[in-house]
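K.L.:
Structure file model.cif (mmCIF, C-alpha atoms and all ligand atoms) right here:
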```cif
data_coords
#
loop_
_atom_site.label_atom_id
_atom_site.label_comp_id
_atom_site.auth_asym_id
_atom_site.auth_seq_id
_atom_site.Cartn_x
_atom_site.Cartn_y
_atom_site.Cartn_z
CA MET A 1 -10.22 -5.82 22.68
CA LYS A 2 -9.79 -5.44 18.90
CA ARG A 3 -10.37 -8.48 16.71
CA LEU A 4 -8.38 -8.60 13.50
CA SER A 5 -8.60 -10.17 10.05
CA LEU A 6 -5.12 -9.91 8.55
CA LEU A 7 -5.06 -10.25 4.77
CA GLY A 8 -1.59 -10.81 3.34
CA SER A 9 -0.14 -12.12 6.61
CA THR A 10 3.04 -13.62 5.11
CA GLY A 11 4.11 -10.48 3.22
CA SER A 12 6.23 -7.58 4.40
CA ILE A 13 3.36 -5.56 5.94
CA GLY A 14 1.66 -8.71 7.28
CA THR A 15 4.70 -9.96 9.20
CA GLN A 16 5.32 -6.48 10.62
CA ALA A 17 1.65 -6.24 11.65
CA LEU A 18 2.04 -9.50 13.57
CA ASP A 19 5.07 -7.97 15.23
CA VAL A 20 2.82 -5.13 16.39
CA VAL A 21 0.26 -7.67 17.64
CA ARG A 22 3.06 -9.46 19.55
CA GLY A 23 4.14 -6.17 21.10
CA LEU A 24 0.63 -5.42 22.38
CA ALA A 25 0.01 -8.95 23.72
CA GLY A 26 -0.85 -8.94 27.40
CA THR A 27 -1.60 -5.19 27.48
CA ARG A 28 -5.07 -3.65 27.77
CA GLU A 29 -4.90 -2.85 24.06
CA GLN A 30 -4.09 -6.39 22.93
CA ILE A 31 -5.34 -7.54 19.53
CA THR A 32 -6.86 -10.95 18.90
CA VAL A 33 -6.12 -12.45 15.48
CA GLU A 34 -9.35 -13.97 14.16
CA VAL A 35 -8.31 -14.81 10.59
CA LEU A 36 -5.09 -14.88 8.61
CA ALA A 37 -5.00 -14.85 4.81
CA ALA A 38 -2.06 -15.54 2.51
CA ARG A 39 -1.41 -16.39 -1.12
CA SER A 40 0.63 -19.60 -0.96
CA ASN A 41 3.43 -19.41 1.63
CA ILE A 42 1.94 -22.04 3.92
CA ASP A 43 5.23 -22.79 5.70
CA LEU A 44 5.13 -19.33 7.25
CA LEU A 45 1.33 -19.30 7.49
CA GLU A 46 1.38 -22.55 9.49
CA ARG A 47 3.89 -21.05 11.95
CA GLN A 48 1.71 -17.93 12.25
CA VAL A 49 -1.40 -20.05 12.84
CA ARG A 50 0.35 -22.00 15.60
CA GLU A 51 1.53 -18.79 17.26
CA PHE A 52 -1.58 -16.58 16.95
CA HIS A 53 -4.37 -19.21 17.07
CA PRO A 54 -6.80 -17.67 14.55
CA ARG A 55 -10.18 -19.35 13.98
CA ALA A 56 -9.63 -19.52 10.23
CA ALA A 57 -6.92 -19.26 7.58
CA ALA A 58 -7.58 -18.25 3.97
CA VAL A 59 -5.17 -19.43 1.26
CA VAL A 60 -5.53 -18.13 -2.32
CA ASP A 61 -3.69 -21.08 -3.91
CA GLU A 62 -6.13 -23.98 -3.62
CA ASN A 63 -3.46 -26.72 -3.59
CA ALA A 64 -1.66 -24.89 -0.82
CA ALA A 65 -4.99 -24.58 1.03
CA ARG A 66 -5.43 -28.37 0.91
CA GLU A 67 -1.86 -28.89 2.11
CA LEU A 68 -2.38 -26.48 5.02
CA ALA A 69 -5.59 -28.32 5.98
CA LEU A 70 -3.58 -31.58 6.18
CA ARG A 71 -0.79 -30.01 8.21
CA THR A 72 -3.18 -28.43 10.72
CA ARG A 73 -5.49 -31.40 11.30
CA ASP A 74 -4.60 -31.23 15.00
CA LEU A 75 -6.00 -27.66 15.24
CA ASP A 76 -9.53 -26.29 15.37
CA LEU A 77 -8.95 -24.18 12.25
CA ALA A 78 -11.31 -23.46 9.34
CA ILE A 79 -9.54 -23.34 5.94
CA LEU A 80 -10.97 -20.82 3.48
CA PRO A 81 -9.64 -21.55 -0.04
CA GLY A 82 -9.28 -19.21 -3.03
CA MET A 83 -10.00 -15.49 -3.43
CA GLU A 84 -13.49 -16.34 -2.17
CA GLY A 85 -11.82 -17.42 1.04
CA VAL A 86 -9.95 -14.11 1.32
CA CYS A 87 -13.24 -12.25 0.87
CA GLU A 88 -14.78 -14.43 3.59
CA ALA A 89 -11.81 -13.55 5.81
CA ALA A 90 -12.45 -9.86 5.08
CA ALA A 91 -16.10 -10.18 6.13
CA TRP A 92 -15.40 -12.56 9.07
CA PRO A 93 -18.27 -11.92 11.54
CA GLU A 94 -16.12 -11.81 14.71
CA SER A 95 -13.55 -9.38 13.29
CA GLY A 96 -13.96 -5.65 13.86
CA ILE A 97 -10.93 -4.50 11.89
CA VAL A 98 -9.46 -5.78 8.63
CA LEU A 99 -5.86 -5.04 7.71
CA ASN A 100 -5.66 -5.43 3.94
CA SER A 101 -2.03 -5.83 2.87
CA VAL A 102 -2.71 -7.92 -0.21
CA VAL A 103 -0.37 -6.81 -3.02
CA GLY A 104 -1.91 -5.38 -6.20
CA MET A 105 -5.35 -5.16 -7.76
CA GLU A 106 -6.34 -8.45 -6.16
CA GLY A 107 -6.88 -6.50 -2.97
CA LEU A 108 -9.89 -4.66 -4.36
CA ARG A 109 -12.50 -7.42 -3.93
CA PRO A 110 -11.61 -8.14 -0.28
CA THR A 111 -11.69 -4.40 0.47
CA LEU A 112 -15.21 -4.18 -0.94
CA ALA A 113 -16.20 -7.32 1.01
CA ALA A 114 -14.92 -5.77 4.25
CA ILE A 115 -16.74 -2.48 3.59
CA ASP A 116 -19.93 -4.36 2.79
CA ALA A 117 -19.66 -6.16 6.14
CA GLY A 118 -19.23 -2.78 7.89
CA LYS A 119 -15.67 -3.41 9.11
CA THR A 120 -13.06 -0.80 9.93
CA ILE A 121 -10.39 -1.14 7.26
CA ALA A 122 -6.70 -0.54 7.86
CA LEU A 123 -5.65 -0.16 4.25
CA ALA A 124 -2.17 -1.05 3.07
CA ASN A 125 -3.31 -2.06 -0.42
CA LYS A 126 -3.03 1.20 -2.35
CA GLU A 127 -4.21 -0.35 -5.62
CA THR A 128 -7.65 -0.63 -4.02
CA LEU A 129 -7.99 3.15 -4.02
CA VAL A 130 -5.99 3.82 -7.17
CA ALA A 131 -8.11 1.59 -9.38
CA GLY A 132 -11.39 1.60 -7.49
CA GLY A 133 -11.30 4.90 -5.58
CA SER A 134 -14.80 6.11 -6.43
CA LEU A 135 -16.31 2.66 -5.82
CA VAL A 136 -14.49 2.10 -2.54
CA MET A 137 -15.01 5.56 -1.06
CA GLY A 138 -18.65 5.58 -2.21
CA ALA A 139 -19.30 2.19 -0.60
CA ALA A 140 -17.45 3.18 2.58
CA ARG A 141 -19.54 6.35 2.93
CA ALA A 142 -22.77 4.42 2.31
CA LYS A 143 -21.85 1.78 4.93
CA GLY A 144 -20.22 4.18 7.38
CA ALA A 145 -17.04 2.05 7.23
CA ALA A 146 -13.88 3.84 8.36
CA ILE A 147 -10.77 3.53 6.17
CA LEU A 148 -7.55 4.07 8.08
CA PRO A 149 -4.36 4.49 6.04
CA VAL A 150 -1.38 2.22 6.70
CA ASP A 151 0.95 3.56 4.00
CA SER A 152 3.54 5.63 5.90
CA GLU A 153 2.85 8.86 3.95
CA HIS A 154 -0.91 8.63 4.29
CA SER A 155 -0.64 7.71 7.93
CA ALA A 156 1.53 10.82 8.40
CA ILE A 157 -1.08 13.02 6.72
CA PHE A 158 -3.89 11.36 8.66
CA GLN A 159 -1.97 12.05 11.88
CA CYS A 160 -1.35 15.70 10.89
CA LEU A 161 -5.07 16.08 10.18
CA GLN A 162 -6.14 15.00 13.68
CA GLY A 163 -7.79 18.03 15.22
CA SER A 164 -8.07 19.85 11.88
CA PRO A 165 -11.19 22.04 11.73
CA GLY A 166 -12.08 20.49 8.34
CA LYS A 167 -11.04 20.12 4.74
CA ALA A 168 -11.47 23.83 3.99
CA ALA A 169 -8.61 24.56 6.40
CA VAL A 170 -6.18 22.50 4.32
CA LYS A 171 -4.27 24.21 1.54
CA LYS A 172 -2.33 21.21 0.32
CA LEU A 173 -0.83 17.87 1.19
CA ILE A 174 2.89 17.30 0.74
CA LEU A 175 3.94 13.69 0.20
CA THR A 176 7.57 12.88 0.78
CA ALA A 177 9.41 10.36 -1.40
CA SER A 178 12.81 8.85 -0.68
CA GLY A 179 13.61 9.07 -4.39
CA GLY A 180 14.63 5.41 -4.35
CA PRO A 181 17.99 4.00 -5.45
CA PHE A 182 18.09 6.09 -8.66
CA PHE A 183 17.64 9.60 -7.31
CA GLY A 184 19.69 12.15 -9.27
CA LYS A 185 20.29 9.80 -12.21
CA THR A 186 19.73 10.83 -15.82
CA LYS A 187 17.69 8.84 -18.32
CA GLU A 188 20.91 7.72 -20.02
CA GLU A 189 22.25 6.38 -16.74
CA LEU A 190 19.03 4.45 -16.12
CA ALA A 191 18.90 2.78 -19.54
CA HIS A 192 20.67 -0.39 -18.43
CA VAL A 193 19.86 -0.81 -14.72
CA THR A 194 19.05 -4.36 -13.63
CA ALA A 195 16.29 -5.76 -11.46
CA ALA A 196 18.85 -6.43 -8.70
CA GLU A 197 19.83 -2.72 -8.68
CA ALA A 198 16.19 -1.61 -8.66
CA LEU A 199 15.51 -3.91 -5.71
CA ARG A 200 18.14 -2.19 -3.54
CA HIS A 201 16.09 0.42 -1.66
CA PRO A 202 18.13 2.82 0.51
CA ASN A 203 15.77 3.18 3.51
CA TRP A 204 12.75 0.89 3.53
CA SER A 205 12.50 -2.87 3.47
CA MET A 206 9.48 -3.82 1.33
CA GLY A 207 8.21 -6.47 -1.09
CA PRO A 208 9.61 -6.62 -4.69
CA LYS A 209 6.63 -4.94 -6.43
CA VAL A 210 6.64 -1.85 -4.23
CA THR A 211 10.46 -1.69 -4.24
CA VAL A 212 10.56 -1.52 -8.06
CA ASP A 213 7.65 0.96 -7.95
CA SER A 214 9.74 3.01 -5.58
CA ALA A 215 12.71 2.97 -7.99
CA THR A 216 10.51 4.19 -10.89
CA MET A 217 8.58 6.56 -8.53
CA MET A 218 5.39 4.86 -9.73
CA ASN A 219 4.85 4.17 -6.04
CA LYS A 220 4.67 7.90 -5.35
CA GLY A 221 2.32 8.37 -8.29
CA LEU A 222 0.01 5.69 -6.89
CA GLU A 223 0.26 7.40 -3.51
CA VAL A 224 -0.82 10.78 -4.96
CA ILE A 225 -3.94 9.07 -6.32
CA GLU A 226 -4.46 7.21 -3.03
CA ALA A 227 -4.18 10.49 -1.10
CA ALA A 228 -6.63 12.24 -3.42
CA TRP A 229 -9.26 9.61 -2.59
CA LEU A 230 -8.49 9.19 1.10
CA PHE A 231 -8.49 12.90 1.87
CA ASP A 232 -10.92 13.99 -0.86
CA LEU A 233 -8.63 16.56 -2.51
CA PRO A 234 -7.79 17.11 -6.20
CA ALA A 235 -4.36 15.92 -7.42
CA ASP A 236 -3.24 19.53 -7.99
CA ARG A 237 -3.43 20.13 -4.23
CA ILE A 238 -1.03 17.25 -3.57
CA ASP A 239 2.69 17.97 -3.92
CA VAL A 240 5.58 15.53 -3.95
CA VAL A 241 9.02 16.36 -2.55
CA ILE A 242 12.05 14.10 -2.46
CA HIS A 243 13.33 13.63 1.07
CA ARG A 244 16.36 11.35 1.10
CA GLU A 245 16.41 10.50 4.80
CA SER A 246 12.83 9.16 5.06
CA ILE A 247 12.40 10.78 8.48
CA VAL A 248 9.61 13.25 7.59
CA HIS A 249 6.87 10.92 6.35
CA SER A 250 4.59 13.62 4.88
CA LEU A 251 3.11 17.02 5.71
CA VAL A 252 -0.09 19.07 5.65
CA GLU A 253 0.00 22.75 4.75
CA TYR A 254 -2.91 24.68 6.22
CA GLN A 255 -4.48 27.93 4.93
CA ASP A 256 -2.45 29.98 7.43
CA ASN A 257 0.78 28.59 5.88
CA SER A 258 1.44 26.56 8.97
CA VAL A 259 2.85 23.20 7.95
CA LEU A 260 2.50 20.12 10.15
CA ALA A 261 4.70 17.09 9.65
CA GLN A 262 4.92 13.61 11.15
CA LEU A 263 8.43 12.31 11.80
CA GLY A 264 9.85 9.01 12.91
CA VAL A 265 12.41 6.38 12.01
CA PRO A 266 11.53 4.60 8.75
CA ASP A 267 9.80 1.59 10.29
CA MET A 268 6.40 0.47 8.99
CA ARG A 269 5.44 -0.83 12.42
CA ILE A 270 4.73 2.79 13.47
CA PRO A 271 2.00 3.49 10.86
CA ILE A 272 0.70 -0.10 11.10
CA GLN A 273 0.26 0.23 14.85
CA TYR A 274 -1.32 3.68 14.54
CA ALA A 275 -4.00 2.22 12.23
CA LEU A 276 -4.57 -0.86 14.39
CA ALA A 277 -4.66 0.99 17.72
CA TYR A 278 -6.28 4.22 16.44
CA PRO A 279 -6.88 6.58 18.13
CA GLU A 280 -4.59 5.30 20.88
CA ARG A 281 -0.84 6.01 21.09
CA LEU A 282 0.91 2.98 22.53
CA PRO A 283 4.54 1.89 23.05
CA SER A 284 5.99 0.59 19.77
CA PRO A 285 8.57 -2.07 18.88
CA ALA A 286 10.05 0.51 16.43
CA GLY A 287 13.05 2.57 17.49
CA GLU A 288 13.07 6.18 18.75
CA LEU A 289 13.97 9.03 16.44
CA ASP A 290 17.28 10.65 17.32
CA LEU A 291 17.15 14.06 15.63
CA VAL A 292 20.76 14.90 16.40
CA LYS A 293 21.91 11.64 14.86
CA ALA A 294 19.65 12.24 11.85
CA GLY A 295 21.44 15.59 11.44
CA ASN A 296 20.35 17.00 8.09
CA LEU A 297 16.91 16.61 6.57
CA ARG A 298 17.11 17.44 2.85
CA PHE A 299 14.34 18.11 0.33
CA PHE A 300 14.44 18.23 -3.48
CA ALA A 301 11.99 18.58 -6.37
CA PRO A 302 11.32 15.33 -8.25
CA ASP A 303 12.55 15.18 -11.86
CA LEU A 304 9.37 14.36 -13.78
CA SER A 305 11.27 14.07 -17.08
CA VAL A 306 13.26 11.12 -15.72
CA PHE A 307 10.59 9.55 -13.51
CA GLN A 308 7.84 9.35 -16.10
CA CYS A 309 5.60 7.11 -13.99
CA LEU A 310 5.04 9.86 -11.42
CA ALA A 311 4.00 12.36 -14.11
CA VAL A 312 1.68 9.80 -15.74
CA CYS A 313 -0.12 9.06 -12.45
CA MET A 314 -0.68 12.75 -11.70
CA GLU A 315 -2.10 13.19 -15.20
CA ALA A 316 -4.24 10.05 -14.88
CA GLN A 317 -5.77 11.29 -11.62
CA LYS A 318 -6.62 14.65 -13.24
CA ARG A 319 -8.27 12.79 -16.12
CA GLY A 320 -10.16 10.59 -13.67
CA GLY A 321 -12.50 7.76 -14.64
CA LEU A 322 -10.66 4.56 -15.53
CA ALA A 323 -7.31 6.24 -16.34
CA PRO A 324 -5.80 5.47 -12.87
CA ALA A 325 -6.96 1.83 -13.10
CA ALA A 326 -5.20 1.57 -16.47
CA ALA A 327 -2.00 3.09 -15.02
CA ASN A 328 -2.05 0.61 -12.17
CA GLY A 329 -2.79 -2.46 -14.32
CA ALA A 330 -0.13 -1.52 -16.87
CA ASP A 331 2.43 -1.02 -14.12
CA GLU A 332 1.70 -4.38 -12.46
CA LYS A 333 2.29 -6.15 -15.78
CA ALA A 334 5.33 -4.03 -16.67
CA VAL A 335 7.02 -4.63 -13.30
CA GLU A 336 6.42 -8.37 -13.68
CA LEU A 337 8.09 -8.26 -17.13
CA PHE A 338 10.98 -6.14 -15.79
CA LEU A 339 11.62 -8.55 -12.90
CA ALA A 340 11.60 -11.42 -15.42
CA GLY A 341 14.28 -9.60 -17.44
CA LYS A 342 11.98 -9.11 -20.44
CA ILE A 343 11.91 -5.28 -20.56
CA SER A 344 14.28 -2.51 -19.53
CA PHE A 345 13.80 -0.23 -16.55
CA LEU A 346 12.81 2.84 -18.61
CA GLU A 347 10.30 0.80 -20.61
CA ILE A 348 8.16 0.47 -17.46
CA GLY A 349 7.32 4.20 -17.62
CA GLU A 350 6.93 4.21 -21.40
CA LEU A 351 4.49 1.28 -21.29
CA VAL A 352 2.45 2.76 -18.44
CA ALA A 353 2.18 6.08 -20.32
CA ALA A 354 1.12 4.36 -23.54
CA ALA A 355 -1.46 2.17 -21.77
CA VAL A 356 -3.02 5.19 -20.04
CA GLU A 357 -3.17 7.00 -23.35
CA ALA A 358 -4.92 4.01 -24.93
CA GLN A 359 -7.55 3.93 -22.15
CA PRO A 360 -10.76 5.68 -23.31
CA ASP A 361 -12.40 8.21 -20.97
CA SER A 362 -15.19 6.43 -19.10
CA PRO A 363 -16.38 6.39 -15.49
CA ALA A 364 -15.08 3.92 -12.87
CA ASP A 365 -18.60 3.22 -11.69
CA SER A 366 -18.63 -0.57 -11.30
CA LEU A 367 -16.27 -3.34 -10.25
CA GLU A 368 -16.68 -4.86 -13.72
CA ALA A 369 -15.60 -1.61 -15.43
CA VAL A 370 -12.54 -1.32 -13.16
CA LEU A 371 -11.53 -4.95 -13.68
CA ALA A 372 -12.02 -4.62 -17.47
CA ALA A 373 -9.81 -1.50 -17.63
CA ASP A 374 -7.19 -3.28 -15.52
CA ALA A 375 -7.25 -6.35 -17.82
CA ALA A 376 -7.12 -4.18 -20.95
CA ALA A 377 -4.07 -2.28 -19.66
CA ARG A 378 -2.24 -5.53 -18.83
CA ALA A 379 -3.10 -6.94 -22.28
CA PHE A 380 -1.92 -3.69 -23.89
CA VAL A 381 1.48 -4.00 -22.18
CA GLU A 382 1.83 -7.67 -23.09
CA ALA A 383 0.95 -7.01 -26.72
CA ALA A 384 3.32 -4.04 -26.93
CA VAL A 385 6.19 -6.11 -25.51
CA GLY A 386 5.31 -9.09 -27.73
CA ARG A 387 5.60 -6.84 -30.80
CA GLY A 388 9.07 -5.88 -29.56
MG MG A 401 4.44 4.68 1.04
#
```
If you convert what's in this file into structure tokens, what do you get?
P.N.:
Amino acid sequence: MKRLSLLGSTGSIGTQALDVVRGLAGTREQITVEVLAARSNIDLLERQVREFHPRAAAVVDENAARELALRTRDLDLAILPGMEGVCEAAAWPESGIVLNSVVGMEGLRPTLAAIDAGKTIALANKETLVAGGSLVMGAARAKGAAILPVDSEHSAIFQCLQGSPGKAAVKKLILTASGGPFFGKTKEELAHVTAAEALRHPNWSMGPKVTVDSATMMNKGLEVIEAAWLFDLPADRIDVVIHRESIVHSLVEYQDNSVLAQLGVPDMRIPIQYALAYPERLPSPAGELDLVKAGNLRFFAPDLSVFQCLAVCMEAQKRGGLAPAAANGADEKAVELFLAGKISFLEIGELVAAAVEAQPDSPADSLEAVLAADAAARAFVEAAVGRG
């Protein structure tokens, strides 16, 4: 039986992961929830605790942690407060697998804590690899900790690589992108889009940060960097194609020009379950794919002149060092400012590009260096916006 620490249990990935756990309950492959971790949504966390009976619950917001402790006095539940608590949840002795679906750079520390404790990591926090790729992959190799992708594209590639004779057999990876709500639009048309429009994703239901990232295609840029680290390939062997239907989740092209793809309905519970049950294939709560109903599967080249964020990420990965950490930090700040109505949609890409340019070339060889580059990029964006 697998024992799980679920970090980010009240978010979009977290709630869908618990749906997967529910689906496997009572089967031979059932998953026991050992620890849940959330930021501050203790109303939902309390319901999850009462349903899944974990031994501990981590809450980042310390006031919320105290409140949860009061509300759960009747339960035998340890409360782990603060980011320290989330790291404790990641290294929880009884857990074998950690699903990290914390949003943003904050997920890096718990990922390192889980690796250090020798856990298997189901990784849904892409920022972990974008900002700290060399640290994380280096530590995982040293500890022999497996990192299993949860992101739908990376899960697709991981699935297409099962049975591959090795990296030398792979010519390139092809990541698919839905193109988001603004596919086919010109820069002029995007000048005045609102946060509400950017939050309307055609195919996937996700949290606000990743939905805006999907509209700017920053999300795909982050995923190129994530793929480069996960599969140990340079960014120039990772292509991006727009695929409007979100049925083909990504592909691997082999040296013999044979291309393998993974298909399915756009439902995150499929990649989440694959990571949690790996290498098993079990019945899923997600729907079946009806190819006839899907009808046409269309593919297009992305327009890098409109979706600047994607181009900047590819460039940042080629530059290496702290450039990807700067791109990620700048984007987190810029998206926050966009959602607050303080900057325009196109300014997100302009600010990310400028912050990456301002980042000096230096290696991402320590957590301190990565966190400093992240903070500098955020400060750069804030200062640039403050100047108007
Ligand atoms: Mg994705």
K.L.:
Quick one: everything within 8 Å of A:Thr216, counting all atoms listed in the file, minus sequence neighbours fewer than 5 positions away in the same chain. Send it as a ChimeraX atom specification.
P.N.:
/A:180,307-310,345,348-349
K.L.:
Please determine, counting only C-alpha atoms, which residue among A:Glu280, A:Glu226, A:Glu347, A:Glu94 has the shortest atom-to-atom distance to A:Leu175.
P.N.:
A:Glu226
K.L.:
List as a VMD selection string the protein and nucleic acid residues near A:Lys126, meaning an atom at most 8 Å away when all atoms listed in the file are counted, but skip any in the same chain fewer than 6 places from it.
P.N.:
chain A and resid 104 151 222 to 223 226
K.L.:
Just to confirm, what's the straight-line distance from atom CA of A:Ala17 to atom CA of A:Glu67 in Å (one decimal)?
P.N.:
24.8 Å
K.L.:
Produce a table with one row for each residue of chain A that has an atom at most 8 Å from any atom of ligand MG 401 (chain A), each row naming the nearest atom pair and its distance in Å at one decimal; use all atoms listed in the file; arrange rows by chain and rising residue number; format as a tab-separated table.
P.N.:
```
residue	atom	partner	partner_atom	distance
A:Asp151	CA	A:MG401	MG	4.7
A:Ser152	CA	A:MG401	MG	5.0
A:Glu153	CA	A:MG401	MG	5.3
A:His154	CA	A:MG401	MG	7.4
A:Ala177	CA	A:MG401	MG	7.9
A:Asn219	CA	A:MG401	MG	7.1
A:Lys220	CA	A:MG401	MG	7.2
A:Glu223	CA	A:MG401	MG	6.8
```
K.L.:
Restricting the calculation to only C-alpha atoms, which member of A:Glu106, A:Asp256, A:Glu188, A:Asp116 is positioned closest to A:Ala168?
P.N.:
A:Asp256
K.L.:
To one decimal place in Å, what is the distance between atom CA of A:Leu230 and atom CA of A:Phe158?
P.N.:
9.1 Å
K.L.:
If we count all atoms listed in the file and set the cut-off at 10 Å, which residues sit around A:Glu84, ignoring sequence neighbours fewer than 2 positions away in its own chain? Please answer as a VMD selection string.
P.N.:
chain A and resid 58 to 60 80 to 82 86 to 90 109 to 110 113
K.L.:
For stretch 1-8 of chain A of the structure just presented, write all heavy atoms to a file, as a PDB file, in the first residue's frame.
P.N.:
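And here's selection35.pdb as it stands now:
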```
ATOM      1  N   MET A   1       0.838  -1.197   0.000  1.00  0.00           N
ATOM      2  CA  MET A   1       0.000   0.000   0.000  1.00  0.00           C
ATOM      3  C   MET A   1       0.875   1.251   0.000  1.00  0.00           C
ATOM      4  O   MET A   1       1.831   1.337   0.756  1.00  0.00           O
ATOM      5  CB  MET A   1      -0.893  -0.012   1.234  1.00  0.00           C
ATOM      6  CG  MET A   1      -1.882   1.113   1.204  1.00  0.00           C
ATOM      7  SD  MET A   1      -3.111   1.093   2.525  1.00  0.00           S
ATOM      8  CE  MET A   1      -2.565  -0.126   3.684  1.00  0.00           C
ATOM      9  N   LYS A   2       0.558   2.226  -0.882  1.00  0.00           N
ATOM     10  CA  LYS A   2       1.355   3.449  -0.931  1.00  0.00           C
ATOM     11  C   LYS A   2       0.876   4.433   0.128  1.00  0.00           C
ATOM     12  O   LYS A   2      -0.316   4.588   0.351  1.00  0.00           O
ATOM     13  CB  LYS A   2       1.283   4.071  -2.322  1.00  0.00           C
ATOM     14  CG  LYS A   2       2.053   3.246  -3.339  1.00  0.00           C
ATOM     15  CD  LYS A   2       2.242   3.949  -4.658  1.00  0.00           C
ATOM     16  CE  LYS A   2       3.077   3.058  -5.573  1.00  0.00           C
ATOM     17  NZ  LYS A   2       3.126   3.555  -6.952  1.00  0.00           N
ATOM     18  N   ARG A   3       1.838   5.103   0.747  1.00  0.00           N
ATOM     19  CA  ARG A   3       1.530   6.110   1.771  1.00  0.00           C
ATOM     20  C   ARG A   3       1.948   7.468   1.254  1.00  0.00           C
ATOM     21  O   ARG A   3       3.080   7.657   0.825  1.00  0.00           O
ATOM     22  CB  ARG A   3       2.256   5.762   3.071  1.00  0.00           C
ATOM     23  CG  ARG A   3       1.761   4.453   3.658  1.00  0.00           C
ATOM     24  CD  ARG A   3       2.461   4.093   4.954  1.00  0.00           C
ATOM     25  NE  ARG A   3       1.938   2.819   5.444  1.00  0.00           N
ATOM     26  CZ  ARG A   3       0.825   2.704   6.167  1.00  0.00           C
ATOM     27  NH1 ARG A   3       0.138   3.788   6.498  1.00  0.00           N
ATOM     28  NH2 ARG A   3       0.412   1.528   6.559  1.00  0.00           N
ATOM     29  N   LEU A   4       1.012   8.420   1.319  1.00  0.00           N
ATOM     30  CA  LEU A   4       1.163   9.685   0.598  1.00  0.00           C
ATOM     31  C   LEU A   4       1.232  10.904   1.510  1.00  0.00           C
ATOM     32  O   LEU A   4       0.441  11.050   2.435  1.00  0.00           O
ATOM     33  CB  LEU A   4      -0.049   9.839  -0.342  1.00  0.00           C
ATOM     34  CG  LEU A   4      -0.235  11.153  -1.086  1.00  0.00           C
ATOM     35  CD1 LEU A   4       0.834  11.331  -2.166  1.00  0.00           C
ATOM     36  CD2 LEU A   4      -1.630  11.215  -1.724  1.00  0.00           C
ATOM     37  N   SER A   5       2.188  11.798   1.206  1.00  0.00           N
ATOM     38  CA  SER A   5       2.139  13.175   1.710  1.00  0.00           C
ATOM     39  C   SER A   5       1.655  14.023   0.550  1.00  0.00           C
ATOM     40  O   SER A   5       2.283  14.026  -0.510  1.00  0.00           O
ATOM     41  CB  SER A   5       3.536  13.668   2.116  1.00  0.00           C
ATOM     42  OG  SER A   5       3.940  13.123   3.340  1.00  0.00           O
ATOM     43  N   LEU A   6       0.556  14.742   0.750  1.00  0.00           N
ATOM     44  CA  LEU A   6      -0.002  15.567  -0.323  1.00  0.00           C
ATOM     45  C   LEU A   6       0.184  17.039   0.025  1.00  0.00           C
ATOM     46  O   LEU A   6      -0.455  17.561   0.942  1.00  0.00           O
ATOM     47  CB  LEU A   6      -1.493  15.228  -0.510  1.00  0.00           C
ATOM     48  CG  LEU A   6      -2.278  16.076  -1.512  1.00  0.00           C
ATOM     49  CD1 LEU A   6      -1.611  16.104  -2.883  1.00  0.00           C
ATOM     50  CD2 LEU A   6      -3.710  15.557  -1.636  1.00  0.00           C
ATOM     51  N   LEU A   7       1.069  17.700  -0.699  1.00  0.00           N
ATOM     52  CA  LEU A   7       1.369  19.109  -0.451  1.00  0.00           C
ATOM     53  C   LEU A   7       0.565  19.956  -1.431  1.00  0.00           C
ATOM     54  O   LEU A   7       0.668  19.775  -2.639  1.00  0.00           O
ATOM     55  CB  LEU A   7       2.867  19.385  -0.640  1.00  0.00           C
ATOM     56  CG  LEU A   7       3.838  18.378  -0.008  1.00  0.00           C
ATOM     57  CD1 LEU A   7       5.281  18.843  -0.222  1.00  0.00           C
ATOM     58  CD2 LEU A   7       3.542  18.182   1.472  1.00  0.00           C
ATOM     59  N   GLY A   8      -0.239  20.869  -0.893  1.00  0.00           N
ATOM     60  CA  GLY A   8      -1.119  21.665  -1.753  1.00  0.00           C
ATOM     61  C   GLY A   8      -2.459  20.972  -1.927  1.00  0.00           C
ATOM     62  O   GLY A   8      -3.025  20.967  -3.016  1.00  0.00           O
TER      63      GLY A   8
END
```
